[in-house]
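> Got a file for you: model-v6.txt, compact mmCIF, C-alpha atoms.
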# COMPACT_ATOMS: atom_id res chain seq x y z
CA MET A 1 0.95 74.43 29.04
CA ARG A 2 1.55 75.76 32.45
CA HIS A 3 0.80 79.39 33.06
CA PRO A 4 0.30 79.71 36.84
CA HIS A 5 -0.22 82.98 38.62
CA ARG A 6 2.30 84.06 41.21
CA TYR A 7 2.15 82.16 44.49
CA ASN A 8 4.47 81.80 47.38
CA ARG A 9 5.88 78.28 47.58
CA ARG A 10 3.41 76.89 50.10
CA ASP A 11 0.37 78.42 48.45
CA PHE A 12 1.44 77.22 45.03
CA LEU A 13 2.04 73.69 46.23
CA LYS A 14 -1.27 73.70 48.03
CA ALA A 15 -3.06 75.04 44.97
CA VAL A 16 -1.78 72.31 42.70
CA GLY A 17 -2.33 69.56 45.21
CA ILE A 18 1.20 68.66 46.26
CA MET A 19 0.85 69.84 49.86
CA GLY A 20 -1.03 67.07 51.54
CA ALA A 21 -0.67 64.75 48.55
CA GLY A 22 2.31 62.84 49.88
CA SER A 23 0.15 59.88 50.77
CA LEU A 24 -1.02 59.62 47.18
CA LEU A 25 2.52 59.70 45.85
CA ALA A 26 3.63 57.12 48.39
CA ALA A 27 0.67 54.89 47.71
CA CYS A 28 1.08 55.07 43.95
CA GLY A 29 4.85 54.78 44.01
CA PRO A 30 7.01 55.85 41.11
CA THR A 31 8.12 52.38 40.08
CA GLY A 32 6.78 48.94 39.37
CA ALA A 33 4.77 47.31 36.64
CA PRO A 34 1.71 49.10 35.23
CA PRO A 35 -1.74 47.81 35.96
CA ALA A 36 -2.63 44.82 33.80
CA PRO A 37 -4.81 46.03 30.91
CA GLU A 38 -8.18 44.49 30.29
CA ALA A 39 -8.59 42.27 27.30
CA ALA A 40 -8.10 44.17 24.06
CA PRO A 41 -11.32 45.48 22.59
CA GLU A 42 -12.50 43.88 19.39
CA ALA A 43 -11.32 45.75 16.33
CA ALA A 44 -13.73 48.53 15.44
CA ASP A 45 -13.77 51.77 13.55
CA SER A 46 -12.47 54.50 15.88
CA MET A 47 -15.16 56.84 14.58
CA ALA A 48 -18.21 54.61 14.95
CA THR A 49 -21.54 55.66 13.52
CA GLY A 50 -25.12 55.29 14.69
CA GLU A 51 -25.96 54.67 18.32
CA LYS A 52 -23.21 52.27 19.34
CA TYR A 53 -22.86 53.84 22.81
CA GLU A 54 -26.39 55.08 23.33
CA GLY A 55 -26.95 55.70 27.05
CA ALA A 56 -23.26 56.07 27.89
CA THR A 57 -21.92 59.32 29.34
CA LEU A 58 -18.23 60.21 29.24
CA ARG A 59 -16.86 62.85 31.58
CA MET A 60 -13.56 64.65 31.00
CA LEU A 61 -11.62 67.04 33.24
CA THR A 62 -9.48 69.49 31.29
CA GLN A 63 -8.12 73.03 31.25
CA ALA A 64 -10.34 76.07 30.82
CA GLY A 65 -9.42 78.83 28.42
CA GLY A 66 -7.10 76.76 26.26
CA ASP A 67 -7.11 76.91 22.49
CA TYR A 68 -8.71 73.47 22.34
CA GLU A 69 -11.72 74.28 24.57
CA PRO A 70 -13.96 75.47 21.71
CA ALA A 71 -12.67 72.66 19.49
CA PHE A 72 -13.48 70.01 22.08
CA ARG A 73 -16.98 71.39 22.53
CA ALA A 74 -17.65 71.29 18.80
CA TRP A 75 -16.05 67.90 18.18
CA ALA A 76 -17.87 66.33 21.13
CA GLU A 77 -21.19 67.19 19.50
CA ASP A 78 -20.06 65.34 16.38
CA PHE A 79 -18.98 62.37 18.50
CA THR A 80 -22.38 62.19 20.17
CA ALA A 81 -24.12 62.28 16.81
CA GLU A 82 -21.88 59.51 15.49
CA THR A 83 -21.88 57.19 18.51
CA GLY A 84 -24.77 58.11 20.77
CA ALA A 85 -22.44 58.69 23.76
CA GLN A 86 -22.95 61.91 25.69
CA VAL A 87 -19.83 63.93 26.55
CA GLU A 88 -19.58 66.18 29.59
CA PHE A 89 -16.56 68.42 30.18
CA GLU A 90 -15.37 70.10 33.32
CA PHE A 91 -13.14 72.95 32.19
CA ALA A 92 -11.08 74.18 35.15
CA PRO A 93 -8.10 76.55 35.70
CA TRP A 94 -4.68 74.93 35.29
CA GLU A 95 -3.84 75.47 38.97
CA SER A 96 -6.85 73.45 40.11
CA LEU A 97 -6.48 70.45 37.82
CA MET A 98 -4.18 68.39 40.06
CA PRO A 99 -6.26 68.74 43.25
CA LYS A 100 -9.43 68.04 41.27
CA VAL A 101 -8.18 64.88 39.65
CA GLN A 102 -6.57 63.65 42.89
CA ALA A 103 -9.75 64.31 44.87
CA ASP A 104 -11.79 62.44 42.28
CA LEU A 105 -9.44 59.45 42.34
CA ALA A 106 -9.44 59.38 46.14
CA SER A 107 -13.23 59.64 46.43
CA GLY A 108 -13.90 55.91 46.12
CA SER A 109 -16.30 56.52 43.24
CA PRO A 110 -14.41 58.51 40.58
CA GLN A 111 -16.56 60.52 38.21
CA PHE A 112 -14.08 61.31 35.44
CA ASP A 113 -13.48 58.88 32.59
CA LEU A 114 -10.85 61.06 30.96
CA PHE A 115 -8.34 63.77 31.78
CA CYS A 116 -6.54 66.11 29.39
CA ASN A 117 -3.61 68.37 30.18
CA ASP A 118 0.20 68.42 30.40
CA ILE A 119 1.72 64.98 30.10
CA GLU A 120 3.60 65.70 33.33
CA PHE A 121 0.41 65.17 35.32
CA GLN A 122 0.54 61.56 34.16
CA TYR A 123 3.89 61.16 35.93
CA THR A 124 2.08 61.51 39.26
CA ILE A 125 -1.18 59.66 38.63
CA TRP A 126 -0.04 56.95 36.18
CA PRO A 127 -1.09 53.97 38.37
CA GLU A 128 -4.68 55.20 38.04
CA LEU A 129 -4.51 55.38 34.23
CA GLU A 130 -5.52 52.76 31.67
CA PRO A 131 -2.75 51.65 29.29
CA ILE A 132 -3.99 52.12 25.73
CA ASN A 133 -1.53 49.98 23.74
CA ASP A 134 -4.14 47.28 23.10
CA PHE A 135 -6.74 49.84 22.08
CA LEU A 136 -4.27 51.36 19.61
CA ASP A 137 -3.53 47.97 18.07
CA ALA A 138 -7.17 46.91 17.83
CA SER A 139 -8.47 50.18 16.42
CA GLY A 140 -5.73 50.93 13.92
CA TYR A 141 -5.41 54.45 15.29
CA ASP A 142 -3.07 56.54 13.13
CA MET A 143 0.09 57.23 15.17
CA GLU A 144 1.99 58.67 12.19
CA GLY A 145 3.11 62.26 11.83
CA PHE A 146 3.67 63.31 15.46
CA PHE A 147 6.70 65.30 16.62
CA ASP A 148 9.64 63.16 17.69
CA PRO A 149 9.33 64.20 21.38
CA VAL A 150 5.80 62.76 21.36
CA TYR A 151 7.18 59.34 20.46
CA ARG A 152 10.32 59.52 22.57
CA TYR A 153 8.76 60.84 25.76
CA GLY A 154 5.11 59.80 25.42
CA GLU A 155 5.74 56.25 26.62
CA GLY A 156 7.52 54.64 29.54
CA ILE A 157 6.29 56.74 32.47
CA ALA A 158 8.10 55.78 35.68
CA GLY A 159 10.30 53.36 33.80
CA ASN A 160 7.44 51.31 32.28
CA THR A 161 9.06 50.88 28.88
CA GLY A 162 6.73 50.82 25.90
CA VAL A 163 3.54 51.52 27.85
CA ARG A 164 1.46 54.38 26.46
CA TYR A 165 -1.31 56.04 28.43
CA GLY A 166 -2.18 59.17 26.45
CA LEU A 167 -2.90 60.56 23.00
CA PRO A 168 -1.48 64.04 22.41
CA VAL A 169 -3.64 66.89 21.13
CA THR A 170 -1.46 69.99 21.30
CA CYS A 171 2.14 70.86 22.04
CA GLY A 172 4.26 73.93 22.69
CA VAL A 173 7.72 75.28 23.30
CA SER A 174 9.25 78.70 23.88
CA VAL A 175 9.58 80.65 20.62
CA LEU A 176 11.68 83.64 19.56
CA PHE A 177 9.40 86.12 17.82
CA ASN A 178 11.41 88.79 16.04
CA ARG A 179 10.99 91.92 13.94
CA THR A 180 11.84 90.95 10.37
CA ASP A 181 11.79 94.61 9.30
CA LEU A 182 14.67 95.23 11.73
CA ILE A 183 16.48 91.88 11.62
CA ASP A 184 17.66 90.44 8.30
CA THR A 185 19.13 87.19 9.60
CA PHE A 186 18.48 85.89 13.07
CA PRO A 187 21.62 85.03 15.06
CA THR A 188 22.71 81.43 15.48
CA THR A 189 25.19 82.05 18.34
CA TRP A 190 24.62 83.49 21.80
CA SER A 191 27.29 86.15 21.28
CA ASP A 192 25.56 87.38 18.13
CA TYR A 193 22.19 87.22 19.88
CA ASP A 194 23.61 89.39 22.63
CA ALA A 195 24.87 91.87 20.02
CA LEU A 196 21.46 91.98 18.35
CA LEU A 197 19.70 92.73 21.63
CA ALA A 198 22.23 95.43 22.42
CA ALA A 199 21.80 97.04 19.00
CA HIS A 200 18.06 97.45 19.53
CA THR A 201 18.24 98.73 23.10
CA ASP A 202 18.80 102.32 22.10
CA GLY A 203 16.45 104.57 24.05
CA SER A 204 13.59 104.30 21.56
CA MET A 205 12.98 100.59 22.14
CA TYR A 206 14.38 97.56 23.93
CA GLY A 207 15.93 94.42 22.56
CA LEU A 208 13.90 91.86 24.48
CA SER A 209 10.70 91.05 26.33
CA PHE A 210 9.77 87.92 28.27
CA ALA A 211 7.52 86.95 31.17
CA GLY A 212 9.54 87.41 34.34
CA VAL A 213 7.27 85.82 36.93
CA PRO A 214 8.97 82.77 38.46
CA ALA A 215 7.17 79.93 36.69
CA GLN A 216 7.81 81.50 33.29
CA LEU A 217 11.57 81.78 33.79
CA VAL A 218 12.08 78.02 33.62
CA LYS A 219 11.68 77.71 29.85
CA LEU A 220 14.04 80.66 29.28
CA PHE A 221 16.70 79.20 31.55
CA LEU A 222 16.36 75.78 29.94
CA ALA A 223 16.80 77.25 26.45
CA ARG A 224 20.20 78.54 27.52
CA PHE A 225 21.11 75.51 29.62
CA TRP A 226 20.21 72.85 27.06
CA ALA A 227 22.27 74.67 24.41
CA SER A 228 25.26 73.27 26.32
CA GLY A 229 24.11 69.71 25.59
CA ASP A 230 23.95 68.75 29.28
CA PRO A 231 20.94 66.97 30.81
CA LEU A 232 19.36 68.21 34.03
CA LEU A 233 20.46 65.12 35.98
CA THR A 234 22.84 62.24 35.57
CA SER A 235 21.44 58.80 34.82
CA ASP A 236 21.72 57.97 38.54
CA TRP A 237 19.79 61.08 39.63
CA GLN A 238 22.56 63.53 40.54
CA PRO A 239 21.64 67.13 39.62
CA LEU A 240 23.78 68.85 37.01
CA ILE A 241 21.74 72.01 37.24
CA ASN A 242 24.27 73.82 39.45
CA GLY A 243 27.35 72.94 37.40
CA GLU A 244 29.25 75.21 35.06
CA SER A 245 26.64 75.02 32.29
CA GLY A 246 23.79 75.86 34.64
CA VAL A 247 25.54 78.84 36.19
CA ALA A 248 26.51 80.15 32.74
CA ALA A 249 22.91 79.78 31.52
CA LEU A 250 21.36 81.58 34.48
CA THR A 251 24.00 84.31 34.33
CA LEU A 252 23.23 84.84 30.63
CA LEU A 253 19.48 85.03 31.26
CA LYS A 254 20.03 87.55 34.03
CA GLU A 255 22.26 89.69 31.80
CA HIS A 256 19.68 89.67 29.04
CA GLY A 257 16.96 90.77 31.44
CA ASP A 258 19.11 93.42 33.13
CA LYS A 259 20.60 94.96 30.00
CA TYR A 260 18.06 94.62 27.22
CA ALA A 261 14.54 94.36 28.68
CA PRO A 262 12.14 97.05 29.93
CA PRO A 263 12.02 97.96 33.63
CA GLY A 264 9.63 95.96 35.78
CA LEU A 265 10.08 92.82 33.71
CA LEU A 266 10.06 90.51 36.74
CA ALA A 267 6.43 91.41 37.40
CA TRP A 268 5.37 90.60 33.84
CA ASP A 269 3.38 87.53 32.89
CA ASN A 270 2.95 86.20 29.36
CA PRO A 271 0.37 88.75 28.11
CA ASP A 272 2.55 91.67 29.27
CA ALA A 273 5.58 90.38 27.38
CA ALA A 274 3.52 89.67 24.28
CA ASN A 275 1.94 93.13 24.34
CA ALA A 276 5.35 94.80 24.41
CA PHE A 277 6.21 93.10 21.12
CA LEU A 278 2.80 93.79 19.61
CA ALA A 279 3.19 97.47 20.51
CA GLY A 280 6.55 97.68 18.74
CA ASP A 281 8.45 98.40 21.95
CA VAL A 282 10.87 95.46 21.62
CA ALA A 283 12.71 93.68 18.82
CA VAL A 284 12.43 90.13 20.20
CA ASN A 285 9.92 88.31 22.40
CA GLU A 286 10.72 84.98 24.04
CA GLY A 287 7.69 83.03 25.13
CA TRP A 288 4.79 80.68 24.50
CA ALA A 289 3.27 81.18 21.08
CA GLY A 290 -0.34 80.97 22.21
CA PHE A 291 -0.21 84.37 23.88
CA ILE A 292 0.92 86.23 20.79
CA LEU A 293 0.21 84.35 17.56
CA PRO A 294 -3.53 85.15 17.41
CA SER A 295 -2.81 88.90 17.54
CA LEU A 296 0.32 89.39 15.44
CA ASP A 297 -1.48 90.08 12.16
CA ASP A 298 -4.54 91.72 13.67
CA PRO A 299 -4.19 95.45 12.89
CA GLU A 300 -6.41 96.33 15.84
CA LYS A 301 -3.98 94.65 18.25
CA SER A 302 -0.60 94.74 16.53
CA THR A 303 1.77 97.37 15.15
CA VAL A 304 3.99 94.69 13.58
CA VAL A 305 1.55 93.18 11.09
CA GLY A 306 3.53 91.41 8.38
CA ASN A 307 6.84 92.32 10.00
CA TRP A 308 7.47 89.38 12.27
CA GLY A 309 9.00 85.94 12.12
CA ILE A 310 9.77 82.88 14.23
CA ALA A 311 13.32 81.74 14.97
CA PRO A 312 14.92 78.95 17.02
CA TYR A 313 17.19 79.63 19.97
CA PRO A 314 20.91 79.98 19.20
CA GLU A 315 23.29 77.02 19.35
CA GLY A 316 20.58 74.37 19.45
CA GLY A 317 18.90 75.69 22.58
CA THR A 318 15.29 74.90 23.33
CA GLY A 319 12.78 75.47 26.07
CA ASN A 320 10.79 72.64 27.59
CA PHE A 321 8.49 70.84 25.16
CA VAL A 322 4.99 70.50 26.53
CA GLN A 323 2.31 68.20 25.17
CA HIS A 324 -1.30 68.08 26.29
CA ASN A 325 -2.46 64.47 26.30
CA ILE A 326 -5.84 62.84 26.77
CA VAL A 327 -5.68 59.90 29.18
CA MET A 328 -8.26 57.39 30.35
CA MET A 329 -8.86 56.50 34.00
CA ASN A 330 -8.73 52.77 34.73
CA THR A 331 -11.97 53.18 36.69
CA SER A 332 -13.95 54.20 33.62
CA GLU A 333 -16.97 52.00 33.05
CA ASN A 334 -16.98 52.79 29.32
CA LYS A 335 -13.41 52.17 28.24
CA GLU A 336 -14.11 51.39 24.58
CA ALA A 337 -16.21 54.52 24.22
CA ALA A 338 -13.62 56.56 26.14
CA PHE A 339 -10.86 55.44 23.79
CA GLU A 340 -12.96 56.25 20.75
CA LEU A 341 -13.47 59.76 22.12
CA MET A 342 -9.72 60.08 22.69
CA ALA A 343 -9.17 59.05 19.07
CA ALA A 344 -11.88 61.33 17.74
CA LEU A 345 -10.36 64.40 19.42
CA SER A 346 -6.79 63.72 18.32
CA ASN A 347 -6.82 62.08 14.88
CA PRO A 348 -5.01 63.65 11.88
CA GLN A 349 -8.17 65.24 10.49
CA ARG A 350 -8.93 66.96 13.79
CA ALA A 351 -5.31 68.08 14.11
CA LYS A 352 -5.52 69.90 10.78
CA GLU A 353 -8.96 71.33 11.57
CA GLY A 354 -7.69 72.48 14.96
CA ALA A 355 -4.86 74.43 13.34
CA LEU A 356 -7.00 76.03 10.65
CA GLU A 357 -10.23 76.76 12.51
CA PHE A 358 -9.27 77.05 16.17
CA GLY A 359 -5.67 78.31 16.18
CA MET A 360 -4.40 75.20 17.96
CA THR A 361 -0.75 74.08 17.90
CA PRO A 362 -1.15 70.42 16.93
CA ALA A 363 1.07 67.69 18.30
CA ARG A 364 1.34 66.26 14.77
CA ARG A 365 4.28 67.70 12.85
CA SER A 366 2.69 66.64 9.56
CA VAL A 367 0.13 69.45 9.96
CA PHE A 368 2.88 72.07 9.88
CA SER A 369 3.77 71.20 6.28
CA ASP A 370 0.24 70.55 5.05
CA PRO A 371 -0.30 72.75 1.93
CA ASP A 372 -3.66 74.08 3.14
CA VAL A 373 -2.24 74.97 6.55
CA VAL A 374 0.89 76.62 5.10
CA ALA A 375 -1.22 78.64 2.66
CA ALA A 376 -3.30 79.97 5.53
CA LYS A 377 -0.43 80.30 8.01
CA PRO A 378 2.95 80.69 6.25
CA TYR A 379 4.87 80.69 9.54
CA MET A 380 3.93 77.10 10.35
CA PRO A 381 7.03 75.37 8.86
CA ASP A 382 9.34 77.62 10.92
CA TYR A 383 7.23 77.01 14.01
CA GLY A 384 7.43 73.29 13.41
CA GLU A 385 11.23 73.42 13.26
CA VAL A 386 11.34 75.11 16.65
CA LEU A 387 8.93 72.61 18.18
CA ALA A 388 10.89 69.64 16.84
CA ARG A 389 13.87 70.62 19.00
CA GLY A 390 11.93 70.49 22.24
CA ARG A 391 12.79 68.44 25.31
CA PRO A 392 10.40 67.85 28.22
CA PHE A 393 11.21 68.81 31.78
CA THR A 394 12.30 65.77 33.87
CA PRO A 395 10.50 63.20 31.68
CA GLY A 396 8.71 60.46 33.58
CA VAL A 397 9.56 61.78 37.05
CA PRO A 398 6.61 61.85 39.52
CA GLN A 399 8.26 64.68 41.51
CA TRP A 400 8.32 66.90 38.43
CA LEU A 401 6.09 69.65 39.80
CA GLU A 402 8.07 70.38 42.94
CA MET A 403 11.29 70.19 40.93
CA PHE A 404 9.83 72.66 38.43
CA ILE A 405 8.74 75.03 41.19
CA GLY A 406 12.16 74.82 42.84
CA LEU A 407 13.89 75.78 39.61
CA ALA A 408 11.42 78.62 39.04
CA GLU A 409 12.12 80.01 42.49
CA GLY A 410 15.88 79.63 42.03
CA ALA A 411 15.89 81.47 38.73
CA SER A 412 13.73 84.24 40.17
CA SER A 413 16.01 84.70 43.18
CA ALA A 414 19.00 85.19 40.88
CA LEU A 415 17.25 87.59 38.51
CA SER A 416 15.98 89.65 41.45
CA ASP A 417 19.47 89.85 43.04
CA GLN A 418 18.49 87.82 46.10
CA ALA A 419 21.22 85.28 45.31
CA THR A 420 24.03 84.77 42.87
CA PRO A 421 23.35 82.28 40.06
CA GLN A 422 25.62 79.76 41.77
CA GLU A 423 23.92 80.18 45.15
CA ALA A 424 20.48 79.96 43.59
CA LEU A 425 21.23 76.79 41.65
CA ASP A 426 22.98 75.14 44.57
CA ARG A 427 19.73 75.52 46.53
CA VAL A 428 17.77 74.11 43.59
CA ALA A 429 20.07 71.08 43.45
CA GLU A 430 19.76 70.51 47.21
CA GLY A 431 15.99 70.63 46.96
CA TRP A 432 15.94 68.17 44.09
CA LEU A 433 18.10 65.71 46.02
CA GLU A 434 15.75 65.93 48.99
CA LEU A 435 12.71 65.27 46.79
CA LEU A 436 14.34 62.30 45.10
CA ALA A 437 15.50 60.86 48.42
CA GLN A 438 11.95 60.99 49.80
CA ASN A 439 10.63 58.82 46.98
CA PRO A 440 13.60 57.04 45.30
CA LEU A 441 13.30 55.96 41.68
CA ASP A 442 14.67 52.67 40.43
CA PHE A 443 14.95 53.53 36.74
CA GLU A 444 17.65 55.62 35.08
CA TYR A 445 17.08 59.27 34.28
CA ASN A 446 17.11 59.93 30.55
CA GLU A 447 16.38 62.96 28.45
Written as structure tokens, how would this file's structure read?

Amino acid sequence: MRHPHRYNRRDFLKAVGIMGAGSLLAACGPTGAPPAPEAAPEAADSMATGEKYEGATLRMLTQAGGDYEPAFRAWAEDFTAETGAQVEFEFAPWESLMPKVQADLASGSPQFDLFCNDIEFQYTIWPELEPINDFLDASGYDMEGFFDPVYRYGEGIAGNTGVRYGLPVTCGVSVLFNRTDLIDTFPTTWSDYDALLAAHTDGSMYGLSFAGVPAQLVKLFLARFWASGDPLLTSDWQPLINGESGVAALTLLKEHGDKYAPPGLLAWDNPDAANAFLAGDVAVNEGWAGFILPSLDDPEKSTVVGNWGIAPYPEGGTGNFVQHNIVMMNTSENKEAAFELMAALSNPQRAKEGALEFGMTPARRSVFSDPDVVAAKPYMPDYGEVLARGRPFTPGVPQWLEMFIGLAEGASSALSDQATPQEALDRVAEGWLELLAQNPLDFEYNE
């Protein structure tokens, strides 16, 4: 899940490795057949026992501070005991993951066997990844019970239909947390949502909180835009973002921020928005669940213990669905062991354990209705319904990051009165066209 700090455009691009990475994009190319996989491994139990991989060391680059960091550490110890393979992690800030993985791939002697983070990173580095279809077939890995977006968008990067590179561990989408002691039935239309926010902006509290820094506005805009049913681009790569639906969505988001949110909202990041809800200062919080769920029923951190619920966006709206996938580099010298580690960190048992013991949001929908999980966390079925609606941002597109940043900047310029919604989105559309023209794609866009 992307939670970058505020950067100006050049610094942000530099931080995530896009500035100066043009040669990598050009060399990889966004189209063409995937690398030919090695011969399928012989069928074997995905959780081997004994010392099958004694002497092997697997190295993974992944995000620091995420909910799965402590889980990975614990589960890796079990994997070593079961297989003999040593596991070394490099946990790094989200902003540094792209330059780190690109530098490793460009070094001539890559050190990482595995990488775990947003699936969107795969859109850029997919030619360096090992397809895992044959490993899945040979091992009998359980692919049942995932959210539909995992199946629909987890394969076919850059138009390579049916090719899977990663196994998902966690997922996320923007959630509407609301005060159930104040709100009997959550609105299902935008007009009623507007009325609810207005009713609770009364001098003693505000209707709404959200993170207003640029990168966090994207999910909020998309929730309003996708309610229209429109995709971000046509099948032949023409932006729809600046059409009537886009302007209406950005105008609505601006009105909600201007009318119903506390002053200074545009300087808030996710913890600020979450804290406003925890303090009882707002009736609704829109944002990533990971910043607020662990504290909602903690009386030392929350004034709304037992008085909160989760609701979907009105009229079928949804923010961008994110999934953190584990992928294998095609330069790994221990591919069978690497796949077994991927399987060991993402199987159904670990998904349930991750939810119960580590507060993770699993990518498997089946966990959200598991009786043990529901007994411990009664909100999980509602959370699962919200997640099931999710759509990814520009699925399969290698230019995703610059497109994302452009939309973040456009939304911010409109909310800060530096441009009208139409002007802001026109600039976003122009930028997208330039990016796509620099590296044309020969597959159809599809959400």
> Just want the 8 Å neighbourhood of Leu240 (chain A), counted on all atoms listed in the file, with same-chain residues fewer than 5 positions away dropped. Output as a PyMOL selection string.
chain A and resi 230-234+246+429
> List as a PyMOL selection string the protein and nucleic acid residues near region 200-214 of chain A, meaning an atom at most 9 Å away when only C-alpha atoms are counted, but skip any in the same chain fewer than 2 places from it.
chain A and resi 5-6+182+195-198+216-218+220+256-257+259-262+264-274+276-277+280-287+405+407-413+415
> Select from region 222-325 of chain A every residue with an atom at most 9 Å from any atom of region 115-124 of chain A, then for each give the shortest pair of atoms and their distance in Å to one decimal, using only C-alpha atoms, rows by chain and rising number, as a Markdown table.

| residue | atom | partner | partner_atom | distance |
| --- | --- | --- | --- | --- |
| A:Val322 | CA | A:Asp118 | CA | 6.5 |
| A:Gln323 | CA | A:Asp118 | CA | 5.6 |
| A:His324 | CA | A:Asp118 | CA | 4.4 |
| A:Asn325 | CA | A:Cys116 | CA | 5.4 |
> Using all atoms listed in the file, list the residues that have an atom at most 8 Å from (-26.1, 54.2, 19.6), coordinates as in the file, as number ranges by chain.
A: 49-55, 82-85
> Can you tell me how far CA of Thr189 (chain A) sits from CA of Ala311 (chain A), in Å to one decimal?
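Between these atoms lies a distance of 12.3 Å.
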> Skipping near chain neighbours, those fewer than 6 positions away, what residues fall within 8 Å of region 368-370 of chain A using all atoms listed in the file, listed as a list of chain:residue names?
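Using all atoms listed in the file, the neighbours found are A:Met380, A:Pro381, A:Tyr383, A:Gly384.
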> Mind giving me the straight-line distance from CA of Tyr153 (chain A) to CA of Gln63 (chain A) in Å, one decimal?
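These atoms are spaced 21.5 Å apart.
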> Restricting the calculation to only C-alpha atoms, which member of A:Asp372, A:Glu340, A:Glu333, A:Glu315 is positioned closest to Arg389 (chain A)?
A:Glu315
> Tell me which of A:Trp400, A:Ala344, A:Ile157, A:Asp426 sits closest to Glu77 (chain A), counting all atoms listed in the file.
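Using all atoms listed in the file, the shortest distance to Glu77 (chain A) belongs to A:Ala344.
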> What's around Thr331 (chain A) at 8 Å? Count only C-alpha atoms, leave out sequence neighbours fewer than 6 positions away in its own chain, and write the answer as an MDAnalysis selection string.
chainID A and resid 110 113 128
> What is the CA of Glu444 (chain A) to CA of Ser235 (chain A) distance in Å?
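One can read the CA of Glu444 (chain A) to CA of Ser235 (chain A) distance as 5.0 Å.
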> When distances are computed from only C-alpha atoms, which of A:Thr188, A:Pro312, A:Glu144, A:Ser332 shows the smallest separation from Leu105 (chain A)?
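The answer is A:Ser332, which sits nearest to Leu105 (chain A).
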> Name the closest residue to Phe321 (chain A) among the candidates A:Tyr151, A:Tyr141, A:Phe393, A:Tyr165; distances are taken between atoms, counting only C-alpha atoms.
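The closest residue to Phe321 (chain A) is A:Phe393.
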